[in-house]
Amino acid sequence: MRRISLTFLPLLVLAAGVVVGARASTAGTTLNLVAYSTPKDAYAKIIPAFQGTAAGKNVSFNQSYGASGDQARAVGAGLSADIVALSLEPDVSTLVKKGIVPSNWKQNKYRGIVTDSVVVFVVRDGNPKNIHTWADLTKKGVQVITPNPFTSGGARWNVMAAYGAERAQGKTDKQAIAYLKSLFKNVSVLPKSAREATQVFASGKGDVLLTYENEAIYANKKGVHTEYVLPKQTILIENPVALTKSGLKHPEAKGFLKFLWSSKAQKLFGDTGYRPVLKSVANSPKYHYKQPKTLFTINSKALGLRGWKSVQYRFFDHSSGIMVKVIGQ
Amino acid sequence: MASSAAVSVRAPGAVFGRAGGALARGIAVCYLSLIVLVPLAALIWSSRSQGVQSFWDEVTKPEALAALKLTLGAALLVAAFNAVTGTAIAWVLVRDSFRGKGFFNAVIDLPFALPTIVAGLVLLELYGPNSPFGVDLAFQRAGLVLALLFVTLPFVVRAVQPVLLELDQEMEEAAESLGAGRIAVFRRIVFPNLLPAILSGVALAFARAVGEFGSVVLISGNIPFKTEVSSVYIAGQVESDNPAGAAAVSVVLLLISLGVLLLIGAFRHWRTQHDR
Amino acid sequence: MIGRYALRFGALGYLAFLLLIPVGLIFYRTFEHGFQPAWDAVTNSQALHALWLTLIIAAIAVPANTLFGVVLAIALVRHRFPGRGLVNAVVDLPLALSPVVVGFSLYLLYGTGGWLGGLSEHGIKILFAVPGMTLATIFVSLPFVVREVVPVLREIGTDQEQAAETLGAAPFTTFRRITLPAIRWAVCYGVVLTTARVIGEFGAVSIVSGRIEGKTETLPLYVQSQFEGFNTTGAFAASVVLALIALTTVLAMRIFRPKEGVA
């Protein structure tokens with residue numbers, strides 16, 4: 001008797017697995033969300049909230065998270081996507097170029113931007129190496145962790161924050177680029193995504209991690225013994241979200257996008273460390289974050305930042321970009 | 001083993017059976033082509049699509065060259081190390097006897113059966129920043145070498161064991177009774193017989209080390225010019241949307257793999273000649 | 001005398017440090033915080049799906065490689081046909097080739113713009129879906145059954161088969177009654193090796209998977225995503241499952257080849 005039941009046990013486990021797996025095919029629409037690495041926890045709350053509304057009834061989601069550039073590349077190679085939520089605009093632009101995202105994706109009140117954040121320094125509890133300014137990052141013996149700018153969106157924000165901060169302190173273009181070179185001399189590891197960089201820092205490597213403010217808050221929530229420093233000069237991170245041409249075919253996708261700018265979703269973004277873009281939520285005391293002394297954007301012409309199109313090519317082109325030389329030294 | 005040309009009597013069903021056999025072989029070769037040849041053809045085609053100059057440029061990019069140098073160097077180091085340790089372990093398992101030998105013999109195969117990402121995870125935990133031993137080999141070449149040693153463990157051991165088992169110990173005993181020291185006996189009698197097997201195992205270990213990805217990707221830190229191996233470089237090129245770079249270095253790795261296979265075939269041929 | 005003990009403890013010590021302690025650590029770290037958290041970590045829906053997907057891919061890849069492995073082995077040993085040398089080399093190639101190269105070549109073939117990229121426009125999703133992952137897994141685990149059967153076929157020779165044919169047996173009957181029983185243990189061993197390789201596959205599938213949670217995540221990929229998401233308990237719990245499967249495989253290898261490696 002026991003032998004018979006023992007042979008059935010693995011079959012039962014397999015059957016249970018099949019049932020669980022098959023469960024995924026329910027009635028209703030399935031939307032494909034492809035996102036960069038850090039908003040996973042935000043969407044873990046936002047998607048159920050959306051499914052609780054009338055527009056989101058019977059809508060299920062396939063979700064994929066990874067480095068922003070990598071995810072854009074995957075969608076370009078055929079990864080199904082109805083909604084793309086990436087770290088920065090150029091990654092959406094590559095999809096426009098490939099004909100996957102319509103060119104009018106940012107024609108709404110928020111220019112397609114769904115969340116904001118800023119670049120911060122994450123340090124060990126108590127800030128033992130006393131890191132407060134951008135100049136501190138280039139001091140001897142300071143190990144900096146930042147992701148690889150050619151795969152990670154967060155890394156590109158980090159680089160432009162560093163460059164812009166130098167320009168904001170009065171340095172010339174040449175001097176700012178020289179700063180980048182000395183900064184990357186202190187970079188000891190180049191993980192491929194922002195989330196992976198947090199992982200590396202949490203495992204004990206490095207003295208300071210350059211990352212999104214929302215990621216710094218996430219690390220603390222997860223019990224990592226760190227604190228973060230808001231530098232005097234930093235860049236405003238703006239994360240875009242867009243419907244793909246296949247997403248446009250589903251009214252539920254449009255509904256989901258609209259929901260992302262609702263006060264409920266923006267509050268949930270705020271709860272997970274993002275700076276909301278909806279003014280009413282951003283100005284409420286709970287979600288009102290500290291403002292850095294000098295906050296610039298990728299469009300701050302006075303600082304030599306002329307928008308992502310020119311910056312992406314000048315700094316991050318695979319063959320001729322400035323960062324190729326900076327990392328290659 | 002006589003291979004006689006048999007007189008084949010054609011039974012009625014035999015003609016269809018023969019055709020069926022040919023069909024089965026045809027399908028099998030198609031299967032092989034679809035699974036292996038067509039994708040590799042697509043790879044080679046892609047690497048040539050931008051021209052030879054572009055291929056060469058991608059392969060000679062400083063980061064790609066650094067990765068290749070590191071890959072080959074680490075693989076050679078690990079293969080050479082395995083030649084010694086693998087032979088030693090095989091010797092202990094075949095010639096020595098102690099309680100639990102069967103257990104140790106069985107676990108040799110673990111690196112083959114365990115997923116590489118799991119191996120990488122535990123090596124990181126054990127020898128990385130959270131190490132209970134107080135060492136920190138993560139994000140350094142030492143960590144890379146450690147991961148490679150783990151995954152290449154079985155190859156030389158399993159290649160040498162059968163040869164050691166088959167080895168007739170009479171010659172060794174005779175030499176020893178004539179006064180030869182144990183090391184001399186090993187060097188002059190045993191080792192030459194083991195050499196082809198050791199080299200086959202080394203070649204397989206080398207090939208495995210060159211291509212290793214899952215165990216390396218966590219502990220080595222993948223730092224360009226320092227701890228980035230070619231497999232990680234290729235993955236990085238794919239992720240940063242530079243398929244030309246990925247294709248070029250992939251073709252280089254493919255050629256290395258083919259070269260190693262040729263070498264292994266040569267060692268096998270040498271061994272069968274040696275046996276006569 | 002001392003030499004023998006030194007060698008023994010050196011070799012076994014090396015094995016302990018490189019192999020046994022790390023594998024033991026998997027179990028320790030998993031149950032460090034108790035049994036319940038570990039159990040919860042592997043019974044949530046994402047983990048169960050990952051396990052299910054791993055098993056489904058194995059259920060397709062292993063029989064496919066076994067069937068074609070036997071046919072290919074017979075073709076290589078018993079028949080002369082043009083391109084036999086090439087087939088021989090190609091069969092061995094997955095053993096020496098980096099899994100990243102394997103994954104990438106499939107990505108080139110089935111991705112948008114690839115030779116077979118048009119399939120996805122007709123609704124046949126290969127890349128970033130289970131079929132692509134299965135193809136990658138079949139590629140990397142192709143050689144094992146073939147390589148185990150070929151030497152056995154060579155050794156047993158054609159005498160019995162030819163005798164059967166002379167007596168009027170159809171080729172398939174000869175295969176079923178004479179060849180198959182002779183190679184069955186080699187096939188079993190090859191199946192065990194193939195299964196181990198299939199379940200443990202990581203590098204190639206990670207390139208073609210697309211990381212769709214609950215859809216294209218095998219258990220090894222789940223380990224990685226848990227580790228990256230700070231769920232070390234989840235990562236280790238899934239690792240325990242994989243380690244147990246690996247240990248079962250190693251045991252099976254000893255069952256089918258008890259004499260291997262020891263006198």
# chains A, B, ... in the order shown; residues from 1 in each chain; ligands from 1
call {"tool": "interface_residues", "arguments": {"of": "chain A", "to": "chain B", "cutoff": "12 Å", "atoms": "only C-alpha atoms", "output": "number ranges by chain"}}
result
A: 66-77, 91, 94, 145-153, 184, 187-193, 196-197, 199-206, 316-319, 324-329
call {"tool": "interface_residues", "arguments": {"of": "chain C", "to": "chain A", "cutoff": "7 Å", "atoms": "only C-alpha atoms", "output": "number ranges by chain"}}
result
C: 48-49, 52, 111-112, 128, 210-213, 228, 230
call {"tool": "select_by_dssp", "arguments": {"residues": "segment 235-290 of chain A", "states": "strand (DSSP E or B)", "output": "list in words"}}
result
Ile235, Leu236, Ile237, Glu238, Asn239, Pro240, Val241, Ala242, Leu243, Arg275 and Pro276 of chain A
call {"tool": "select_by_dssp", "arguments": {"residues": "segment 117-259 of chain C", "states": "helix (DSSP H, G or I)", "output": "VMD selection string"}}
result
chain C and resid 117 to 122 130 to 140 143 to 156 159 to 166 171 to 200 203 to 208 219 to 228 232 to 256
call {"tool": "closest_residue", "arguments": {"among": "C:Ala16, C:Leu109, C:Val198, C:Leu51", "to": "chain B", "atoms": "only C-alpha atoms"}}
result
C:Leu109
call {"tool": "residues_around", "arguments": {"residues": "Gly85 of chain C", "least_positions_apart": "5", "cutoff": "12 Å", "atoms": "only C-alpha atoms", "output": "MDAnalysis selection string"}}
result
(chainID B and resid 262 265) or (chainID C and resid 75:77 79:80 90:92)
call {"tool": "atom_distance", "arguments": {"atom1": "atom CA of Ala182 of chain C", "atom2": "atom CA of Ala170 of chain C"}}
result
17.7 Å
call {"tool": "atom_distance", "arguments": {"atom1": "atom CA of Pro151 of chain C", "atom2": "atom CA of Ile245 of chain C"}}
result
27.7 Å
call {"tool": "residues_around", "arguments": {"residues": "Leu31 of chain A", "least_positions_apart": "3", "cutoff": "9 Å", "atoms": "only C-alpha atoms", "output": "list in words"}}
result
Val59, Ser60, Phe61, Asn62, Gln63, Ala81, Asp82, Ile83, Gly247, His250, Glu252 and Ala253 of chain A
call {"tool": "closest_residue", "arguments": {"among": "C:Val241, C:Val223, C:Val205, C:Leu86", "to": "chain B", "atoms": "only C-alpha atoms"}}
result
C:Val223
